[in-house]
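Reviewing the structure listed below.
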Amino acid sequence: MNTVSDVKRDLWDDANRWPHRCAVALVCATFPLIWIGGLVTTYGAGMAVPDWPNTYGYNLWLYPAETWINGPWKLFVEHGHRLYATLVGLLTIAFLVSAWWCQARPLVLWLGAIALAGVLFQGALGGMRVIQDQVQLAKIHGCFGPAFFAFTVVLAVVTSRRWQQGRLSNQLGLGKIERLAIMTTLLAYCQLVLGSQLRHLPAGARPGDFRFALVFHLLTALALCVAIVFLGLRIVRTQRREPSLLRPALGLASLIMIQVTLGAATWVAKYGWPSWLTDFGFAAAYTVAADSRPQAWITTAHVAAGSLILATSLLIALRSARFARASLPVAAGAWIAEVAR
Amino acid sequence: MNRVAFFRFVLCCVSPLLFAGCGKYDPPQFSLNMVAIAKQQLPFDQQQEVSNILDGMFGTPDKPFVLGQGKSIADSETGLDPKKLAVAAGPVRSDEFGRETGLYRRHCGHCHGTTGDGLGPTAMLLNPYPRDYRPGKFKFKATERAAKPTRADLELIVRHGVQGTAMPAFGLLPDAQVDALVEYVKYLSIRGQVELRLIDAMAELGQDEKLQLTRANLVDEILKPIVESWNTANESIIKPEDKPDVELATSIDKGRELFYGTKGNCAKCHGPSALGDGQTSDYDDWTKPVTELASDLRGEEERLRTDTDLSNEDRVALKMHVALASQALKADSLPPRTAQPRNLRQGIYRGGRRPVDLYRRIYAGINGMPMPAVGPASPGAKGTMEPDEIWSLVDYVLSLPYESISQPPHHQPATLSKANF
């Protein structure tokens with residue numbers, strides 16, 4: 001015989017399945033968009049289509065597929081980026097519609113509306129970057145993309161069943177985990193912003209500008225590594241039986257190792273081995289291959305992995321905040337929790 | 001961490017993000033050679049005049065201009081193709097047919113700088129530093145030491161890159177794009193040389209004298225000799241005499257003697273073991289103006305401190321020069337690094353690995369570097385080595401990666417240790 005709580009859970013499942021599914025689909029769709037956007041910058045294809053929202057005078061969706069697929073690579077990447085972005089926009093709308101259709105909590109509806117505003121804003125930023133041909137706008141567009149990706153993770157988390165279960169019985173160390181995870185998220189985003197300063201160099205920049213951004217990029221990387229190690233250790237020590245925290249923590253640790261490797265590989269692929277290694281034959285014989293596939297994909301992978309780190313640390317921050325108590329420590333969090341309740 | 005400290009940290013993280021991407025960048029402009037200007041102590045009005053003349057003769061990074069644009073390329077004053085320059089210059093763009101512009105900015109500018117001064121944003125972190133095109137000197141070429149590189153020389157470097165450095169191989173670019181980039185490098189180099197000549201001409205002017213802005217002065221006297229040196233580069237290609245028919249082992253032995261002997265004295269810089277660990281106190285020709293200016297600056301600062309007999313007028317002039325030189329060294333130069341002789345045991349030769357490439361390297365030395373020429377300085381003159389000796393040296397250098405490092409060299413000059421410098 002079903003208990004009242006079983007019935008409630010089943011009702012919740014039926015009513016909330018679609019928003020969560022849409023949110024997960026949105027997360028899965030947004031991550032490749034980060035890759036494609038990264039490729040646009042890597043290949044210098046940002047101005048491969050000079051008009052917006054049209055493509056060479058055609059409506060975006062009506063641009064001849066044959067010309068797009070068989071055309072120049074830069075056109076393929078840039079127009080593909082635009083097409084794919086509209087898919088992400090449609091999925092965001094789908095999320096909002098499903099939330100409304102399933103009578104989701106007001107919090108979810110609000111978050112859906114914010115996501116829709118975000119994706120529209122990001123699209124407009126991309127368009128302005130093209131129309132005004134401004135590297136600065138490209139930089140903001142590049143920084144807002146990962147922020148939107150992280151926001152889609154928020155949608156997936158707050159619509160998940162695990163979120164509904166709320167407070168954990170084991171409260172050990174959750175406050176510290178939450179603070180460490182917020183710190184890690186902020187550091188990860190700072191790191192993305194610094195990375196975008198390195199990628200979107202204005203033509204008139206001087207040697208000091210790049211060195212400044214690079215030094216801070218490396219220092220923030222170090223701080224991020226330390227923060228992730230502390231966060232992981234804290235979770236392993238206090239919440240090892242909670243897979244919804246342990247798994248992302250392990251994922252984050254793996255990601256940071258991959259990311260550091262990718263960062264070093266990006267430098268080598270773009271500028272060669274450091275001079276202090278040229279006593280070794282492999283470094284002395286190495287020639288950087290401009291616009292080669294390894295160069296392009298390693299650099300873009302470094303960009304994409306940064307977004308994954310941001311999203312994963314935010315996931316831990318959200319879950320730990322939710323598990324710690326019904327209310328979140330900051331005013332915004334308290335409001336979210338209030339609505340959620 | 002207490003809560004207040006935590007929120008302070010959050011605020012520190014968030015506040016820079018609010019301003020990320022703010023600030024407007026103007027379209028890139030060519031910058032003046034401030035090291036040369038400071039060396040010649042040009043006042044501001046003359047600096048402005050140099051800048052105006054250069055803009056009039058060469059245009060801007062977005063819209064390059066060459067004199068005689070309406071004429072055929074052969075008849076134009078610069079011999080440069082404006083169509084190729086238009087492809088290489090300007091902001092990065094491409095169209096539906098795959099035609100690209102802004103190639104220099106996309107592929108080269110971040111290291112070599114908008115002006116081709118080797119002061120791009122990444123330059124400071126690279127070793128060796130990116131080439132400064134403005135003096136018109138290029139290291140790896142098939143021509144006589146002081147001659148300009150041929151078009152083929154520049155294409156070779158662009159296409160194949162330089163091993164062990166940040167200079168990439170642009171072999172994946174279409175021929176037309178490589179061609180356009182080479183043309184733009186020539187353009188920047190000619191522009192830079194004209195700038196240096198203008199600075200010198202300004203410095204030679206007496207008080208109240210003005211530079212004659214006439215065609216005869218600017219084009220015939222300053223521009224044309226520079227363009228001529230580029231156009232006649234093909235006539236300066238080193239054509240080695242045939243390699244003598246000598247047994248390889250004999251030739252290598254002879255090359256070894258030359259390498260360690262007083263005639264070649266290659267070991268002085270390349271080291272007793274040819275590991276590139278010999279003398280490393282010399283600077284290249286791109287760095288020397290910086291070190292000279294730094295030395296002048298030190299002298300002037302010392303004079304300002306110690307010379308009590310300086311008149312007020314002289315003191316003010318000296319202070320202005322100190323300020324100009326300090327600014328030039330701070331903003332328009334990179335920290336000097338000494339020239340590094342090649343480690344010949346690695347078998348990696350940046351100017352090409354064919355025997356003929358090494359022959360040319362030894363014959364003409366490396367332009368702008370302490371590596372001297374052993375061939376004749378001019379046609380008809382006598383060099384320090386005969387062609388058969390150069391070939392022997394080539395054989396020895398090519399054998400070095402296979403020679404045991406423990407094999408004792410025949411001769412070790414006394415002043416090879418790094419500690420002596």
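Chain lettering (A, B, ...) mirrors the order of the structure tokens, residue numbering begins at 1 for each chain separately, and ligand numbering begins at 1 in order of display.
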
Original post:
Mind listing as a VMD selection string which residues of chain A are within 6 Å of chain B, counting only C-alpha atoms?
Top reply: chain A and resid 47 to 48 72 136 140 203 to 207 210 271 to 272 275 283 to 290

**OP:** Write out as an MDAnalysis selection string all residues of stretch 136-333 of chain B that DSSP puts in alpha helix (DSSP H) for this structure's backbone.
**Re:** chainID B and resid 151:160 175:204 215 224:231 248:260 267:270 288:306 312:331

Subject >> Length of the atom CA of B:Gly70 to atom CA of B:Val219 vector [Å] >> reply: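 Distance between the two atoms: 16.4 Å.
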
Subject >> Polymer residues at most 9 Å from A:Ile228, only C-alpha atoms, same-chain spacing of 6 or more positions, as a list of chain:residue names >> reply: A:Leu180, A:Ala181, A:Thr184, A:Ala249, A:Leu252, A:Ala253, A:Ile256, A:Ser313

Original post:
Can you tell me how far atom CA of B:Ala38 sits from atom CA of B:Asp220, in Å to one decimal?
Top reply: 26.5 Å

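Nearest to A:Trp101 of all the residues A:Glu242, A:Arg17, A:Cys143, A:Trp35 is A:Arg17, based on only C-alpha atoms.
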
Original post:
Which is closest to A:Thr185 among A:Ala25, A:Leu310, A:Ala213, A:Leu33, if we use only C-alpha atoms?
Top reply: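 Distance minimum relative to A:Thr185 lands on A:Leu310.
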
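Near A:Ala138, within a cut-off of 8 Å and counting only C-alpha atoms, sit the residues Leu125, Gly126, Arg129, Gln134, Val135, Gln136, Ile140, His141, Gly142 and His200 of chain A, with same-chain residues fewer than 2 positions away left out.
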
With stretch 130-151 of chain B as the partner and 9 Å as the cut-off, tabulate the residues of stretch 182-280 of chain B that qualify, each row holding the nearest pair of atoms and their distance in Å to one decimal, using only C-alpha atoms, sorted by chain and rising number, as CSV.
residue,atom,partner,partner_atom,distance
B:Val182,CA,B:Arg151,CA,7.3
B:Glu183,CA,B:Arg151,CA,8.5
B:Val185,CA,B:Tyr133,CA,7.3
B:Lys186,CA,B:Tyr133,CA,8.2
B:Leu188,CA,B:Tyr133,CA,6.6
B:Ser189,CA,B:Arg134,CA,4.8
B:Ile190,CA,B:Gly136,CA,6.9
B:Arg191,CA,B:Arg134,CA,7.1
B:Gly192,CA,B:Arg134,CA,3.8
B:Gln193,CA,B:Pro135,CA,5.5
B:Val194,CA,B:Arg134,CA,8.6
B:Glu195,CA,B:Arg134,CA,8.1
B:Leu196,CA,B:Pro135,CA,7.6
B:Ser229,CA,B:Lys148,CA,6.4
B:Trp230,CA,B:Lys148,CA,5.6
B:Asn231,CA,B:Thr150,CA,8.4
B:Thr232,CA,B:Lys148,CA,8.2
B:Ala233,CA,B:Thr150,CA,5.4
B:Asn234,CA,B:Thr150,CA,5.8
B:Glu235,CA,B:Thr143,CA,8.2
B:Ser236,CA,B:Thr143,CA,5.1
B:Ile237,CA,B:Thr143,CA,4.1
B:Ile238,CA,B:Thr143,CA,5.3
B:Lys239,CA,B:Ala142,CA,8.7

Original post:
In Å to one decimal, how far is atom CA of A:Val158 from atom CA of A:Leu107?
Top reply: 8.7 Å

Subject >> Surrounding residues of A:Ala188 excluding itself and chain neighbours under 4 positions, 10 Å, only C-alpha atoms, as a list in words >> reply: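 That gives Ile182, Met183, Thr184, Leu192, Val193, Leu194, Thr220, Ala221, Ala223, Leu224, Cys225, Ala227, Ile228, Gly306, Ser307, Leu308, Ile309, Leu310, Ala311, Thr312, Ser313 and Leu314 of chain A.
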
Selection: 10 Å around A:Gly80, only C-alpha atoms, excl. self and same-chain fewer than 3 positions, as a PDB file with N, CA and C atoms, in the first residue's frame:
ATOM      1  N   LEU A  33      27.993  24.425 -27.421  1.00  0.00           N
ATOM      2  CA  LEU A  33      27.972  25.809 -27.914  1.00  0.00           C
ATOM      3  C   LEU A  33      29.211  26.581 -27.428  1.00  0.00           C
ATOM      4  N   ILE A  36      31.913  25.515 -29.782  1.00  0.00           N
ATOM      5  CA  ILE A  36      31.816  26.132 -31.114  1.00  0.00           C
ATOM      6  C   ILE A  36      32.197  27.614 -31.030  1.00  0.00           C
ATOM      7  N   GLY A  37      31.715  28.271 -29.965  1.00  0.00           N
ATOM      8  CA  GLY A  37      32.087  29.681 -29.772  1.00  0.00           C
ATOM      9  C   GLY A  37      33.595  29.827 -29.617  1.00  0.00           C
ATOM     10  N   VAL A  40      35.222  29.638 -32.928  1.00  0.00           N
ATOM     11  CA  VAL A  40      35.072  30.892 -33.686  1.00  0.00           C
ATOM     12  C   VAL A  40      36.240  31.833 -33.365  1.00  0.00           C
ATOM     13  N   TRP A  68      26.710  26.809 -47.026  1.00  0.00           N
ATOM     14  CA  TRP A  68      27.256  26.791 -45.669  1.00  0.00           C
ATOM     15  C   TRP A  68      28.215  25.605 -45.479  1.00  0.00           C
ATOM     16  N   ILE A  69      27.754  24.430 -45.892  1.00  0.00           N
ATOM     17  CA  ILE A  69      28.560  23.230 -45.641  1.00  0.00           C
ATOM     18  C   ILE A  69      29.782  23.182 -46.560  1.00  0.00           C
ATOM     19  N   LYS A  74      35.713  29.110 -42.098  1.00  0.00           N
ATOM     20  CA  LYS A  74      35.337  30.152 -41.139  1.00  0.00           C
ATOM     21  C   LYS A  74      33.839  30.446 -41.216  1.00  0.00           C
ATOM     22  N   LEU A  75      33.310  30.449 -42.425  1.00  0.00           N
ATOM     23  CA  LEU A  75      31.868  30.658 -42.592  1.00  0.00           C
ATOM     24  C   LEU A  75      31.113  29.493 -41.951  1.00  0.00           C
ATOM     25  N   PHE A  76      31.617  28.291 -42.161  1.00  0.00           N
ATOM     26  CA  PHE A  76      30.982  27.094 -41.591  1.00  0.00           C
ATOM     27  C   PHE A  76      30.909  27.210 -40.065  1.00  0.00           C
ATOM     28  N   VAL A  77      32.016  27.621 -39.465  1.00  0.00           N
ATOM     29  CA  VAL A  77      32.068  27.696 -37.994  1.00  0.00           C
ATOM     30  C   VAL A  77      31.151  28.818 -37.486  1.00  0.00           C
ATOM     31  N   LEU A  83      23.505  29.141 -35.839  1.00  0.00           N
ATOM     32  CA  LEU A  83      22.406  28.173 -35.938  1.00  0.00           C
ATOM     33  C   LEU A  83      22.250  27.405 -34.632  1.00  0.00           C
ATOM     34  N   TYR A  84      23.399  26.956 -34.135  1.00  0.00           N
ATOM     35  CA  TYR A  84      23.360  26.146 -32.924  1.00  0.00           C
ATOM     36  C   TYR A  84      22.860  26.974 -31.732  1.00  0.00           C
ATOM     37  N   ALA A  85      23.252  28.250 -31.740  1.00  0.00           N
ATOM     38  CA  ALA A  85      22.811  29.125 -30.647  1.00  0.00           C
ATOM     39  C   ALA A  85      21.287  29.274 -30.655  1.00  0.00           C
ATOM     40  N   THR A  86      20.696  29.294 -31.840  1.00  0.00           N
ATOM     41  CA  THR A  86      19.228  29.407 -31.880  1.00  0.00           C
ATOM     42  C   THR A  86      18.585  28.143 -31.304  1.00  0.00           C
TER      43      THR A  86
END

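When only C-alpha atoms are used to measure the gap to A:Ala115, the shortest distance among A:Leu26, A:Ile34, A:Leu198, A:Ala321 belongs to A:Leu26.
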
Original post:
Contacts of B:Glu204 at 12 Å or less, counting only C-alpha atoms, minus same-chain residues fewer than 5 places along, as a PyMOL selection string?
Top reply: chain B and resi 40-42+46+197-199+209-211
